[in-house]
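The next block is input_20.cif, given as mmCIF, C-alpha atoms and all ligand atoms; chains and numbers go by the auth columns.
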data_coords
#
loop_
_atom_site.group_PDB
_atom_site.id
_atom_site.type_symbol
_atom_site.label_atom_id
_atom_site.label_comp_id
_atom_site.label_asym_id
_atom_site.label_seq_id
_atom_site.Cartn_x
_atom_site.Cartn_y
_atom_site.Cartn_z
_atom_site.B_iso_or_equiv
_atom_site.auth_seq_id
_atom_site.auth_asym_id
ATOM 1 C CA MET A 1 -51.326 -335.517 -59.473 0.00 1068 A
ATOM 2 C CA ARG A 2 -47.714 -336.333 -60.307 0.00 1069 A
ATOM 3 C CA PRO A 3 -46.260 -339.329 -58.478 0.00 1070 A
ATOM 4 C CA ALA A 4 -43.518 -338.684 -55.923 0.00 1071 A
ATOM 5 C CA LEU A 5 -40.172 -340.049 -57.067 0.00 1072 A
ATOM 6 C CA ILE A 6 -38.472 -342.054 -54.336 0.00 1073 A
ATOM 7 C CA PHE A 7 -34.844 -342.869 -55.095 0.00 1074 A
ATOM 8 C CA ASP A 8 -32.305 -345.289 -53.717 0.00 1075 A
ATOM 9 C CA LEU A 9 -28.851 -343.662 -53.376 0.00 1076 A
ATOM 10 C CA ASP A 10 -25.844 -346.018 -53.625 0.00 1077 A
ATOM 11 C CA GLY A 11 -25.606 -347.619 -57.065 0.00 1078 A
ATOM 12 C CA THR A 12 -28.556 -345.551 -58.336 0.00 1079 A
ATOM 13 C CA LEU A 13 -27.628 -341.860 -58.147 0.00 1080 A
ATOM 14 C CA ILE A 14 -24.116 -342.139 -56.724 0.00 1081 A
ATOM 15 C CA ASP A 15 -21.304 -344.565 -57.434 0.00 1082 A
ATOM 16 C CA SER A 16 -20.190 -344.866 -53.821 0.00 1083 A
ATOM 17 C CA VAL A 17 -18.239 -348.130 -53.908 0.00 1084 A
ATOM 18 C CA PRO A 18 -14.825 -346.410 -54.293 0.00 1085 A
ATOM 19 C CA ALA A 19 -15.554 -344.443 -51.078 0.00 1086 A
ATOM 20 C CA ILE A 20 -16.922 -347.475 -49.212 0.00 1087 A
ATOM 21 C CA HIS A 21 -13.970 -349.603 -50.414 0.00 1088 A
ATOM 22 C CA SER A 22 -11.402 -347.111 -49.201 0.00 1089 A
ATOM 23 C CA VAL A 23 -13.069 -346.592 -45.804 0.00 1090 A
ATOM 24 C CA SER A 24 -13.535 -350.355 -45.319 0.00 1091 A
ATOM 25 C CA ASN A 25 -9.890 -351.095 -46.102 0.00 1092 A
ATOM 26 C CA ALA A 26 -8.664 -348.300 -43.839 0.00 1093 A
ATOM 27 C CA VAL A 27 -10.630 -349.806 -40.950 0.00 1094 A
ATOM 28 C CA LEU A 28 -9.381 -353.351 -41.692 0.00 1095 A
ATOM 29 C CA VAL A 29 -5.721 -352.596 -42.454 0.00 1096 A
ATOM 30 C CA GLU A 30 -5.388 -350.387 -39.364 0.00 1097 A
ATOM 31 C CA ARG A 31 -6.193 -353.491 -37.311 0.00 1098 A
ATOM 32 C CA GLY A 32 -3.824 -355.768 -39.248 0.00 1099 A
ATOM 33 C CA TYR A 33 -6.467 -357.533 -41.350 0.00 1100 A
ATOM 34 C CA PRO A 34 -6.016 -357.998 -45.114 0.00 1101 A
ATOM 35 C CA ALA A 35 -7.413 -355.403 -47.538 0.00 1102 A
ATOM 36 C CA LEU A 36 -10.364 -356.395 -49.747 0.00 1103 A
ATOM 37 C CA SER A 37 -10.865 -355.960 -53.496 0.00 1104 A
ATOM 38 C CA VAL A 38 -13.394 -353.506 -54.929 0.00 1105 A
ATOM 39 C CA ASP A 39 -15.517 -356.441 -56.143 0.00 1106 A
ATOM 40 C CA GLU A 40 -15.643 -357.958 -52.669 0.00 1107 A
ATOM 41 C CA VAL A 41 -16.761 -354.691 -51.089 0.00 1108 A
ATOM 42 C CA ARG A 42 -19.321 -354.042 -53.853 0.00 1109 A
ATOM 43 C CA GLY A 43 -20.925 -357.367 -52.935 0.00 1110 A
ATOM 44 C CA TYR A 44 -21.415 -356.158 -49.357 0.00 1111 A
ATOM 45 C CA VAL A 45 -23.244 -352.932 -50.296 0.00 1112 A
ATOM 46 C CA GLY A 46 -27.015 -352.569 -50.357 0.00 1113 A
ATOM 47 C CA LYS A 47 -28.255 -353.897 -47.043 0.00 1114 A
ATOM 48 C CA GLY A 48 -26.984 -351.087 -44.823 0.00 1115 A
ATOM 49 C CA ALA A 49 -23.917 -350.444 -42.676 0.00 1116 A
ATOM 50 C CA PRO A 50 -24.544 -353.161 -40.024 0.00 1117 A
ATOM 51 C CA HIS A 51 -24.518 -355.769 -42.812 0.00 1118 A
ATOM 52 C CA LEU A 52 -21.340 -354.275 -44.293 0.00 1119 A
ATOM 53 C CA VAL A 53 -19.593 -354.384 -40.901 0.00 1120 A
ATOM 54 C CA ARG A 54 -20.634 -358.010 -40.346 0.00 1121 A
ATOM 55 C CA CYS A 55 -19.203 -358.904 -43.790 0.00 1122 A
ATOM 56 C CA LEU A 56 -15.944 -357.059 -43.026 0.00 1123 A
ATOM 57 C CA LEU A 57 -15.585 -358.900 -39.710 0.00 1124 A
ATOM 58 C CA GLN A 58 -16.240 -362.225 -41.402 0.00 1125 A
ATOM 59 C CA SER A 59 -13.613 -361.482 -44.076 0.00 1126 A
ATOM 60 C CA ALA A 60 -11.150 -360.781 -41.242 0.00 1127 A
ATOM 61 C CA GLY A 61 -11.929 -364.165 -39.668 0.00 1128 A
ATOM 62 C CA GLN A 62 -13.734 -362.517 -36.753 0.00 1129 A
ATOM 63 C CA ASP A 63 -17.153 -363.164 -35.258 0.00 1130 A
ATOM 64 C CA PRO A 64 -19.550 -360.929 -37.268 0.00 1131 A
ATOM 65 C CA ASP A 65 -21.627 -360.250 -34.168 0.00 1132 A
ATOM 66 C CA GLY A 66 -18.730 -360.296 -31.699 0.00 1133 A
ATOM 67 C CA PRO A 67 -17.137 -357.647 -29.503 0.00 1134 A
ATOM 68 C CA LEU A 68 -15.475 -355.790 -32.409 0.00 1135 A
ATOM 69 C CA PHE A 69 -18.789 -354.968 -34.070 0.00 1136 A
ATOM 70 C CA ASP A 70 -19.634 -351.774 -32.161 0.00 1137 A
ATOM 71 C CA GLU A 71 -16.132 -350.334 -32.438 0.00 1138 A
ATOM 72 C CA ILE A 72 -15.844 -350.978 -36.181 0.00 1139 A
ATOM 73 C CA TYR A 73 -19.383 -349.771 -36.874 0.00 1140 A
ATOM 74 C CA ALA A 74 -18.745 -346.476 -35.079 0.00 1141 A
ATOM 75 C CA GLU A 75 -15.438 -345.893 -36.860 0.00 1142 A
ATOM 76 C CA LEU A 76 -16.807 -346.826 -40.258 0.00 1143 A
ATOM 77 C CA VAL A 77 -19.790 -344.497 -40.000 0.00 1144 A
ATOM 78 C CA LYS A 78 -17.589 -341.637 -38.752 0.00 1145 A
ATOM 79 C CA ARG A 79 -15.129 -342.057 -41.633 0.00 1146 A
ATOM 80 C CA TYR A 80 -17.981 -342.547 -44.078 0.00 1147 A
ATOM 81 C CA GLU A 81 -19.189 -339.076 -43.157 0.00 1148 A
ATOM 82 C CA THR A 82 -15.873 -337.282 -43.715 0.00 1149 A
ATOM 83 C CA GLU A 83 -14.079 -339.345 -46.385 0.00 1150 A
ATOM 84 C CA VAL A 84 -16.489 -338.506 -49.191 0.00 1151 A
ATOM 85 C CA GLU A 85 -14.111 -338.028 -52.142 0.00 1152 A
ATOM 86 C CA GLY A 86 -14.839 -341.467 -53.609 0.00 1153 A
ATOM 87 C CA ASN A 87 -18.529 -340.649 -54.195 0.00 1154 A
ATOM 88 C CA THR A 88 -19.384 -339.603 -57.756 0.00 1155 A
ATOM 89 C CA LEU A 89 -22.636 -339.030 -59.615 0.00 1156 A
ATOM 90 C CA TYR A 90 -23.557 -341.375 -62.437 0.00 1157 A
ATOM 91 C CA PRO A 91 -23.563 -339.547 -65.806 0.00 1158 A
ATOM 92 C CA GLY A 92 -26.611 -337.374 -66.456 0.00 1159 A
ATOM 93 C CA VAL A 93 -28.068 -337.617 -62.935 0.00 1160 A
ATOM 94 C CA ARG A 94 -28.004 -333.900 -62.181 0.00 1161 A
ATOM 95 C CA GLU A 95 -29.583 -332.891 -65.487 0.00 1162 A
ATOM 96 C CA ALA A 96 -32.319 -335.533 -65.159 0.00 1163 A
ATOM 97 C CA LEU A 97 -33.174 -334.530 -61.587 0.00 1164 A
ATOM 98 C CA GLU A 98 -33.128 -330.803 -62.413 0.00 1165 A
ATOM 99 C CA THR A 99 -35.600 -331.358 -65.258 0.00 1166 A
ATOM 100 C CA LEU A 100 -37.940 -333.422 -63.089 0.00 1167 A
ATOM 101 C CA LYS A 101 -37.742 -330.963 -60.187 0.00 1168 A
ATOM 102 C CA ALA A 102 -38.466 -328.016 -62.499 0.00 1169 A
ATOM 103 C CA GLU A 103 -41.589 -329.856 -63.674 0.00 1170 A
ATOM 104 C CA GLY A 104 -42.816 -330.091 -60.089 0.00 1171 A
ATOM 105 C CA TYR A 105 -42.051 -333.691 -59.162 0.00 1172 A
ATOM 106 C CA LYS A 106 -41.469 -334.180 -55.442 0.00 1173 A
ATOM 107 C CA MET A 107 -38.355 -336.233 -54.847 0.00 1174 A
ATOM 108 C CA ALA A 108 -37.018 -338.187 -51.881 0.00 1175 A
ATOM 109 C CA VAL A 109 -34.084 -340.470 -51.156 0.00 1176 A
ATOM 110 C CA THR A 110 -34.538 -343.625 -49.097 0.00 1177 A
ATOM 111 C CA THR A 111 -31.137 -345.231 -48.606 0.00 1178 A
ATOM 112 C CA ASN A 112 -29.932 -348.024 -46.354 0.00 1179 A
ATOM 113 C CA LYS A 113 -26.766 -345.978 -45.799 0.00 1180 A
ATOM 114 C CA PRO A 114 -26.900 -344.262 -42.380 0.00 1181 A
ATOM 115 C CA LEU A 115 -28.369 -340.756 -42.621 0.00 1182 A
ATOM 116 C CA ALA A 116 -25.274 -338.667 -41.724 0.00 1183 A
ATOM 117 C CA PRO A 117 -22.968 -340.235 -44.356 0.00 1184 A
ATOM 118 C CA ALA A 118 -25.841 -340.213 -46.861 0.00 1185 A
ATOM 119 C CA LEU A 119 -26.313 -336.447 -46.388 0.00 1186 A
ATOM 120 C CA ALA A 120 -22.537 -335.914 -46.598 0.00 1187 A
ATOM 121 C CA ALA A 121 -22.331 -337.862 -49.877 0.00 1188 A
ATOM 122 C CA ILE A 122 -25.335 -335.992 -51.308 0.00 1189 A
ATOM 123 C CA ALA A 123 -23.721 -332.656 -50.413 0.00 1190 A
ATOM 124 C CA HIS A 124 -20.365 -333.769 -51.840 0.00 1191 A
ATOM 125 C CA VAL A 125 -21.912 -334.430 -55.256 0.00 1192 A
ATOM 126 C CA GLY A 126 -23.909 -331.170 -55.076 0.00 1193 A
ATOM 127 C CA LEU A 127 -27.425 -332.624 -54.913 0.00 1194 A
ATOM 128 C CA GLU A 128 -28.306 -331.133 -51.511 0.00 1195 A
ATOM 129 C CA ASP A 129 -31.037 -328.845 -52.902 0.00 1196 A
ATOM 130 C CA MET A 130 -32.670 -331.516 -54.999 0.00 1197 A
ATOM 131 C CA PHE A 131 -34.674 -333.551 -52.484 0.00 1198 A
ATOM 132 C CA ASP A 132 -37.716 -332.798 -50.335 0.00 1199 A
ATOM 133 C CA LEU A 133 -36.696 -335.562 -47.930 0.00 1200 A
ATOM 134 C CA VAL A 134 -33.790 -337.928 -47.229 0.00 1201 A
ATOM 135 C CA LEU A 135 -34.267 -341.011 -45.031 0.00 1202 A
ATOM 136 C CA GLY A 136 -31.270 -343.155 -44.051 0.00 1203 A
ATOM 137 C CA GLY A 137 -30.885 -346.727 -42.845 0.00 1204 A
ATOM 138 C CA ASP A 138 -30.918 -345.508 -39.228 0.00 1205 A
ATOM 139 C CA SER A 139 -33.846 -343.073 -39.606 0.00 1206 A
ATOM 140 C CA LEU A 140 -36.546 -345.641 -38.787 0.00 1207 A
ATOM 141 C CA PRO A 141 -36.646 -348.883 -36.791 0.00 1208 A
ATOM 142 C CA THR A 142 -36.540 -350.897 -40.033 0.00 1209 A
ATOM 143 C CA ARG A 143 -34.667 -350.554 -43.314 0.00 1210 A
ATOM 144 C CA LYS A 144 -35.253 -351.754 -46.894 0.00 1211 A
ATOM 145 C CA PRO A 145 -36.518 -354.232 -48.096 0.00 1212 A
ATOM 146 C CA ASP A 146 -39.075 -353.453 -45.392 0.00 1213 A
ATOM 147 C CA PRO A 147 -41.442 -351.026 -47.164 0.00 1214 A
ATOM 148 C CA GLU A 148 -41.777 -348.657 -44.181 0.00 1215 A
ATOM 149 C CA MET A 149 -39.080 -346.245 -45.348 0.00 1216 A
ATOM 150 C CA VAL A 150 -40.837 -345.803 -48.672 0.00 1217 A
ATOM 151 C CA HIS A 151 -44.262 -345.528 -47.023 0.00 1218 A
ATOM 152 C CA GLU A 152 -42.911 -342.931 -44.590 0.00 1219 A
ATOM 153 C CA ALA A 153 -41.447 -340.908 -47.472 0.00 1220 A
ATOM 154 C CA GLN A 154 -44.782 -341.043 -49.287 0.00 1221 A
ATOM 155 C CA ARG A 155 -46.628 -339.917 -46.148 0.00 1222 A
ATOM 156 C CA ARG A 156 -44.216 -337.041 -45.455 0.00 1223 A
ATOM 157 C CA LEU A 157 -44.420 -335.859 -49.061 0.00 1224 A
ATOM 158 C CA GLY A 158 -48.204 -336.101 -48.944 0.00 1225 A
ATOM 159 C CA ALA A 159 -48.043 -338.159 -52.135 0.00 1226 A
ATOM 160 C CA GLU A 160 -50.923 -340.424 -53.065 0.00 1227 A
ATOM 161 C CA LYS A 161 -48.913 -341.959 -55.882 0.00 1228 A
ATOM 162 C CA ALA A 162 -45.220 -342.793 -55.987 0.00 1229 A
ATOM 163 C CA VAL A 163 -42.616 -344.503 -58.130 0.00 1230 A
ATOM 164 C CA TYR A 164 -39.604 -346.222 -56.576 0.00 1231 A
ATOM 165 C CA LEU A 165 -36.229 -346.149 -58.357 0.00 1232 A
ATOM 166 C CA GLY A 166 -33.219 -348.286 -57.455 0.00 1233 A
ATOM 167 C CA ASP A 167 -30.430 -350.545 -58.638 0.00 1234 A
ATOM 168 C CA SER A 168 -30.436 -353.695 -56.542 0.00 1235 A
ATOM 169 C CA GLU A 169 -32.270 -356.837 -55.511 0.00 1236 A
ATOM 170 C CA VAL A 170 -33.073 -355.127 -52.206 0.00 1237 A
ATOM 171 C CA ASP A 171 -34.725 -352.274 -54.122 0.00 1238 A
ATOM 172 C CA ALA A 172 -36.784 -354.618 -56.316 0.00 1239 A
ATOM 173 C CA GLU A 173 -38.012 -356.357 -53.166 0.00 1240 A
ATOM 174 C CA THR A 174 -38.725 -353.020 -51.457 0.00 1241 A
ATOM 175 C CA ALA A 175 -40.861 -351.843 -54.367 0.00 1242 A
ATOM 176 C CA GLN A 176 -42.767 -355.138 -54.356 0.00 1243 A
ATOM 177 C CA ASN A 177 -43.319 -354.926 -50.600 0.00 1244 A
ATOM 178 C CA ALA A 178 -44.521 -351.333 -50.981 0.00 1245 A
ATOM 179 C CA ALA A 179 -46.671 -352.241 -54.025 0.00 1246 A
ATOM 180 C CA LEU A 180 -45.088 -349.452 -56.104 0.00 1247 A
ATOM 181 C CA PRO A 181 -43.911 -349.365 -59.724 0.00 1248 A
ATOM 182 C CA PHE A 182 -40.172 -350.120 -59.801 0.00 1249 A
ATOM 183 C CA VAL A 183 -37.786 -348.337 -62.174 0.00 1250 A
ATOM 184 C CA LEU A 184 -34.512 -350.280 -62.308 0.00 1251 A
ATOM 185 C CA TYR A 185 -31.196 -348.528 -63.049 0.00 1252 A
ATOM 186 C CA THR A 186 -29.141 -351.331 -64.572 0.00 1253 A
ATOM 187 C CA GLU A 187 -25.650 -349.831 -64.106 0.00 1254 A
ATOM 188 C CA GLY A 188 -25.468 -350.072 -60.291 0.00 1255 A
ATOM 189 C CA TYR A 189 -24.630 -352.976 -57.997 0.00 1256 A
ATOM 190 C CA ARG A 190 -27.186 -355.683 -58.854 0.00 1257 A
ATOM 191 C CA LYS A 191 -25.916 -359.278 -58.938 0.00 1258 A
ATOM 192 C CA THR A 192 -28.906 -360.714 -60.828 0.00 1259 A
ATOM 193 C CA PRO A 193 -29.537 -360.471 -64.594 0.00 1260 A
ATOM 194 C CA VAL A 194 -32.029 -357.695 -65.384 0.00 1261 A
ATOM 195 C CA HIS A 195 -34.650 -360.097 -66.780 0.00 1262 A
ATOM 196 C CA ASP A 196 -34.625 -362.069 -63.522 0.00 1263 A
ATOM 197 C CA MET A 197 -35.363 -358.981 -61.422 0.00 1264 A
ATOM 198 C CA PRO A 198 -38.985 -357.922 -61.029 0.00 1265 A
ATOM 199 C CA HIS A 199 -39.292 -354.390 -62.432 0.00 1266 A
ATOM 200 C CA THR A 200 -41.736 -352.140 -64.249 0.00 1267 A
ATOM 201 C CA VAL A 201 -39.163 -350.596 -66.550 0.00 1268 A
ATOM 202 C CA SER A 202 -35.367 -350.468 -66.679 0.00 1269 A
ATOM 203 C CA PHE A 203 -32.889 -347.900 -67.949 0.00 1270 A
ATOM 204 C CA ASN A 204 -29.136 -347.670 -68.398 0.00 1271 A
ATOM 205 C CA ASP A 205 -28.779 -343.944 -69.107 0.00 1272 A
ATOM 206 C CA PHE A 206 -30.245 -341.037 -67.120 0.00 1273 A
ATOM 207 C CA LYS A 207 -31.139 -339.352 -70.419 0.00 1274 A
ATOM 208 C CA MET A 208 -33.977 -341.925 -70.598 0.00 1275 A
ATOM 209 C CA LEU A 209 -35.403 -341.131 -67.174 0.00 1276 A
ATOM 210 C CA HIS A 210 -37.619 -338.151 -67.989 0.00 1277 A
ATOM 211 C CA GLY A 211 -39.454 -340.044 -70.736 0.00 1278 A
ATOM 212 C CA ILE A 212 -39.930 -343.067 -68.498 0.00 1279 A
ATOM 213 C CA ILE A 213 -41.346 -340.991 -65.640 0.00 1280 A
ATOM 214 C CA GLU A 214 -43.681 -339.089 -67.980 0.00 1281 A
ATOM 215 C CA LYS A 215 -45.119 -342.390 -69.215 0.00 1282 A
ATOM 216 C CA LEU A 216 -45.555 -343.729 -65.688 0.00 1283 A
ATOM 217 C CA SER A 217 -47.289 -340.498 -64.655 0.00 1284 A
ATOM 218 C CA CYS A 218 -50.168 -340.968 -67.120 0.00 1285 A
ATOM 219 C CA PRO A 219 -53.401 -341.712 -65.283 0.00 1286 A
HETATM 220 O O1 LIG B . -25.475 -348.505 -47.613 0.00 1 B
HETATM 221 C C1 LIG B . -25.933 -349.479 -48.256 0.00 1 B
HETATM 222 O O2 LIG B . -25.750 -350.649 -47.929 0.00 1 B
HETATM 223 C C2 LIG B . -26.693 -349.234 -49.516 0.00 1 B
HETATM 224 O O3 LIG B . -27.306 -348.016 -49.645 0.00 1 B
HETATM 225 P P1 LIG B . -28.509 -347.842 -50.735 0.00 1 B
HETATM 226 O O4 LIG B . -29.745 -348.320 -50.017 0.00 1 B
HETATM 227 O O5 LIG B . -28.474 -346.373 -51.017 0.00 1 B
HETATM 228 O O6 LIG B . -28.162 -348.685 -51.933 0.00 1 B
HETATM 229 MG MG MG B . -28.517 -349.193 -54.092 0.00 2 B
#

Just give me the structure as structure tokens.
Amino acid sequence: MRPALIFDLDGTLIDSVPAIHSVSNAVLVERGYPALSVDEVRGYVGKGAPHLVRCLLQSAGQDPDGPLFDEIYAELVKRYETEVEGNTLYPGVREALETLKAEGYKMAVTTNKPLAPALAAIAHVGLEDMFDLVLGGDSLPTRKPDPEMVHEAQRRLGAEKAVYLGDSEVDAETAQNAALPFVLYTEGYRKTPVHDMPHTVSFNDFKMLHGIIEKLSCP
């Protein structure tokens, strides 16, 4: 049986930092706080929206868990869902996914991004028909690196075997916690050198993905 392919979203399939940067700055500047650089915002991505909001509050000199949290979280997630222009696919993603889907691989997304903005970004880049399941950071009581999201995806897909694919330290840890092979996309938002990240195989071009998955699918 072919393994299910469980993908991370931000930094793996979609370059979403331009969108997250612009939404974050809109929320900050509107309240009189200084705008942040793309590099700063990139460093805040990967652990879900609550973490991003706490980082934004800290950068503004505010209490990360203080009274502004709920208001900023709600506004950020709302804008995230509608201001989708800054989300773009990494080169070759569509072709690679189409090939794998045509061969019968079941595919899911497990992202720490909240579900509504994740679905909006997926639709914006035209991948809405590609996945059997999408789970967001607010779909379950826990988020990555807790393995539950990946386990839940595997259960819902009825997949005995699975491969997890992602770009970040959080993803490497998730795959380890879920005891799954980890395919690392090196062009996303990781902060650690590739050789210091636990992974089964890495790739820097989606043209390589089909061959990698075929090899991992051998019994
Ligand atoms: O929203 C985030 O923080 C990251 O989302 P990801 O899990 O798709 O990388
Ligand atoms: Mg990611």

d(atom CA of A:Tyr1256, atom MG of ligand MG 2 (chain B)) in Å: 6.7 Å

Taking only residues of chain A that have an atom at most 9 Å from an atom of ligand LIG 1 (chain B), what is each one's shortest atom pair and its distance in Å to one decimal, using all atoms listed in the file, in chain and number order, as JSON lines?
{"residue": "A:Phe1074", "atom": "CA", "partner": "B:LIG1", "partner_atom": "O5", "distance": 8.3}
{"residue": "A:Asp1075", "atom": "CA", "partner": "B:LIG1", "partner_atom": "O5", "distance": 4.8}
{"residue": "A:Leu1076", "atom": "CA", "partner": "B:LIG1", "partner_atom": "O5", "distance": 3.6}
{"residue": "A:Asp1077", "atom": "CA", "partner": "B:LIG1", "partner_atom": "O5", "distance": 3.7}
{"residue": "A:Gly1078", "atom": "CA", "partner": "B:LIG1", "partner_atom": "O6", "distance": 5.8}
{"residue": "A:Thr1079", "atom": "CA", "partner": "B:LIG1", "partner_atom": "O6", "distance": 7.1}
{"residue": "A:Leu1080", "atom": "CA", "partner": "B:LIG1", "partner_atom": "O5", "distance": 8.5}
{"residue": "A:Ile1081", "atom": "CA", "partner": "B:LIG1", "partner_atom": "O5", "distance": 8.3}
{"residue": "A:Ser1083", "atom": "CA", "partner": "B:LIG1", "partner_atom": "O3", "distance": 8.8}
{"residue": "A:Ile1087", "atom": "CA", "partner": "B:LIG1", "partner_atom": "O1", "distance": 8.8}
{"residue": "A:Tyr1111", "atom": "CA", "partner": "B:LIG1", "partner_atom": "O2", "distance": 7.2}
{"residue": "A:Val1112", "atom": "CA", "partner": "B:LIG1", "partner_atom": "O2", "distance": 4.1}
{"residue": "A:Gly1113", "atom": "CA", "partner": "B:LIG1", "partner_atom": "O2", "distance": 3.3}
{"residue": "A:Lys1114", "atom": "CA", "partner": "B:LIG1", "partner_atom": "O2", "distance": 4.2}
{"residue": "A:Gly1115", "atom": "CA", "partner": "B:LIG1", "partner_atom": "O2", "distance": 3.4}
{"residue": "A:Ala1116", "atom": "CA", "partner": "B:LIG1", "partner_atom": "O1", "distance": 5.5}
{"residue": "A:Pro1117", "atom": "CA", "partner": "B:LIG1", "partner_atom": "O2", "distance": 8.4}
{"residue": "A:His1118", "atom": "CA", "partner": "B:LIG1", "partner_atom": "O2", "distance": 7.3}
{"residue": "A:Leu1119", "atom": "CA", "partner": "B:LIG1", "partner_atom": "O2", "distance": 6.8}
{"residue": "A:Val1176", "atom": "CA", "partner": "B:LIG1", "partner_atom": "O5", "distance": 8.1}
{"residue": "A:Thr1177", "atom": "CA", "partner": "B:LIG1", "partner_atom": "O4", "distance": 6.8}
{"residue": "A:Thr1178", "atom": "CA", "partner": "B:LIG1", "partner_atom": "O4", "distance": 3.7}
{"residue": "A:Asn1179", "atom": "CA", "partner": "B:LIG1", "partner_atom": "O4", "distance": 3.7}
{"residue": "A:Lys1180", "atom": "CA", "partner": "B:LIG1", "partner_atom": "O1", "distance": 3.4}
{"residue": "A:Pro1181", "atom": "CA", "partner": "B:LIG1", "partner_atom": "O1", "distance": 6.9}
{"residue": "A:Ala1185", "atom": "CA", "partner": "B:LIG1", "partner_atom": "O5", "distance": 7.9}
{"residue": "A:Gly1203", "atom": "CA", "partner": "B:LIG1", "partner_atom": "O4", "distance": 8.0}
{"residue": "A:Gly1204", "atom": "CA", "partner": "B:LIG1", "partner_atom": "O1", "distance": 7.4}
{"residue": "A:Arg1210", "atom": "CA", "partner": "B:LIG1", "partner_atom": "O4", "distance": 8.6}
{"residue": "A:Lys1211", "atom": "CA", "partner": "B:LIG1", "partner_atom": "O4", "distance": 7.2}
{"residue": "A:Gly1233", "atom": "CA", "partner": "B:LIG1", "partner_atom": "O6", "distance": 7.5}
{"residue": "A:Asp1234", "atom": "CA", "partner": "B:LIG1", "partner_atom": "O6", "distance": 7.3}
{"residue": "A:Ser1235", "atom": "CA", "partner": "B:LIG1", "partner_atom": "O6", "distance": 7.2}
{"residue": "A:Val1237", "atom": "CA", "partner": "B:LIG1", "partner_atom": "O4", "distance": 7.9}
{"residue": "A:Asp1238", "atom": "CA", "partner": "B:LIG1", "partner_atom": "O4", "distance": 7.6}
{"residue": "A:Gly1255", "atom": "CA", "partner": "B:LIG1", "partner_atom": "O6", "distance": 8.9}
{"residue": "A:Tyr1256", "atom": "CA", "partner": "B:LIG1", "partner_atom": "O6", "distance": 8.2}

Take the residues from that selection and write them out as an mmCIF file, keeping the file's coordinate frame, keeping C-alpha atoms.
data_model
loop_
_atom_site.group_PDB
_atom_site.id
_atom_site.type_symbol
_atom_site.label_atom_id
_atom_site.label_comp_id
_atom_site.auth_asym_id
_atom_site.auth_seq_id
_atom_site.Cartn_x
_atom_site.Cartn_y
_atom_site.Cartn_z
ATOM 1 C CA PHE A 1074 -34.844 -342.869 -55.095
ATOM 2 C CA ASP A 1075 -32.305 -345.289 -53.717
ATOM 3 C CA LEU A 1076 -28.851 -343.662 -53.376
ATOM 4 C CA ASP A 1077 -25.844 -346.018 -53.625
ATOM 5 C CA GLY A 1078 -25.606 -347.619 -57.065
ATOM 6 C CA THR A 1079 -28.556 -345.551 -58.336
ATOM 7 C CA LEU A 1080 -27.628 -341.860 -58.147
ATOM 8 C CA ILE A 1081 -24.116 -342.139 -56.724
ATOM 9 C CA SER A 1083 -20.190 -344.866 -53.821
ATOM 10 C CA ILE A 1087 -16.922 -347.475 -49.212
ATOM 11 C CA TYR A 1111 -21.415 -356.158 -49.357
ATOM 12 C CA VAL A 1112 -23.244 -352.932 -50.296
ATOM 13 C CA GLY A 1113 -27.015 -352.569 -50.357
ATOM 14 C CA LYS A 1114 -28.255 -353.897 -47.043
ATOM 15 C CA GLY A 1115 -26.984 -351.087 -44.823
ATOM 16 C CA ALA A 1116 -23.917 -350.444 -42.676
ATOM 17 C CA PRO A 1117 -24.544 -353.161 -40.024
ATOM 18 C CA HIS A 1118 -24.518 -355.769 -42.812
ATOM 19 C CA LEU A 1119 -21.340 -354.275 -44.293
ATOM 20 C CA VAL A 1176 -34.084 -340.470 -51.156
ATOM 21 C CA THR A 1177 -34.538 -343.625 -49.097
ATOM 22 C CA THR A 1178 -31.137 -345.231 -48.606
ATOM 23 C CA ASN A 1179 -29.932 -348.024 -46.354
ATOM 24 C CA LYS A 1180 -26.766 -345.978 -45.799
ATOM 25 C CA PRO A 1181 -26.900 -344.262 -42.380
ATOM 26 C CA ALA A 1185 -25.841 -340.213 -46.861
ATOM 27 C CA GLY A 1203 -31.270 -343.155 -44.051
ATOM 28 C CA GLY A 1204 -30.885 -346.727 -42.845
ATOM 29 C CA ARG A 1210 -34.667 -350.554 -43.314
ATOM 30 C CA LYS A 1211 -35.253 -351.754 -46.894
ATOM 31 C CA GLY A 1233 -33.219 -348.286 -57.455
ATOM 32 C CA ASP A 1234 -30.430 -350.545 -58.638
ATOM 33 C CA SER A 1235 -30.436 -353.695 -56.542
ATOM 34 C CA VAL A 1237 -33.073 -355.127 -52.206
ATOM 35 C CA ASP A 1238 -34.725 -352.274 -54.122
ATOM 36 C CA GLY A 1255 -25.468 -350.072 -60.291
ATOM 37 C CA TYR A 1256 -24.630 -352.976 -57.997
#

Picked residues, the PyMOL selection byres (((chain A and resi 1214-1224) around 7) and not hetatm), expected as a list of chain:residue names: A:Ala1175, A:Thr1177, A:Arg1210, A:Lys1211, A:Pro1212, A:Asp1213, A:Gly1225, A:Ala1226, A:Ala1229, A:Thr1241, A:Asn1244, A:Ala1245

One-decimal distance in Å that lies between atom CA of A:Thr1267 and atom CA of A:Phe1249: 5.1 Å

Between atom CA of A:Ala1163 and atom CA of A:Met1275 - distance in Å to one decimal: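 Here the two named atoms are 8.6 Å from each other.
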
Box centre and edge lengths (Å, one decimal), axis-aligned, stretch 1278-1283 of chain A plus 3 Å each side, as AutoDock Vina command-line options:
--center_x -42.5 --center_y -341.4 --center_z -68.2 --size_x 12.1 --size_y 10.6 --size_z 11.1

Distance criterion (only C-alpha atoms and all ligand atoms): nearest to ligand MG 2 (chain B) out of A:Gly1110, A:Gly1133, A:Gly1171, A:Gly1278: A:Gly1110
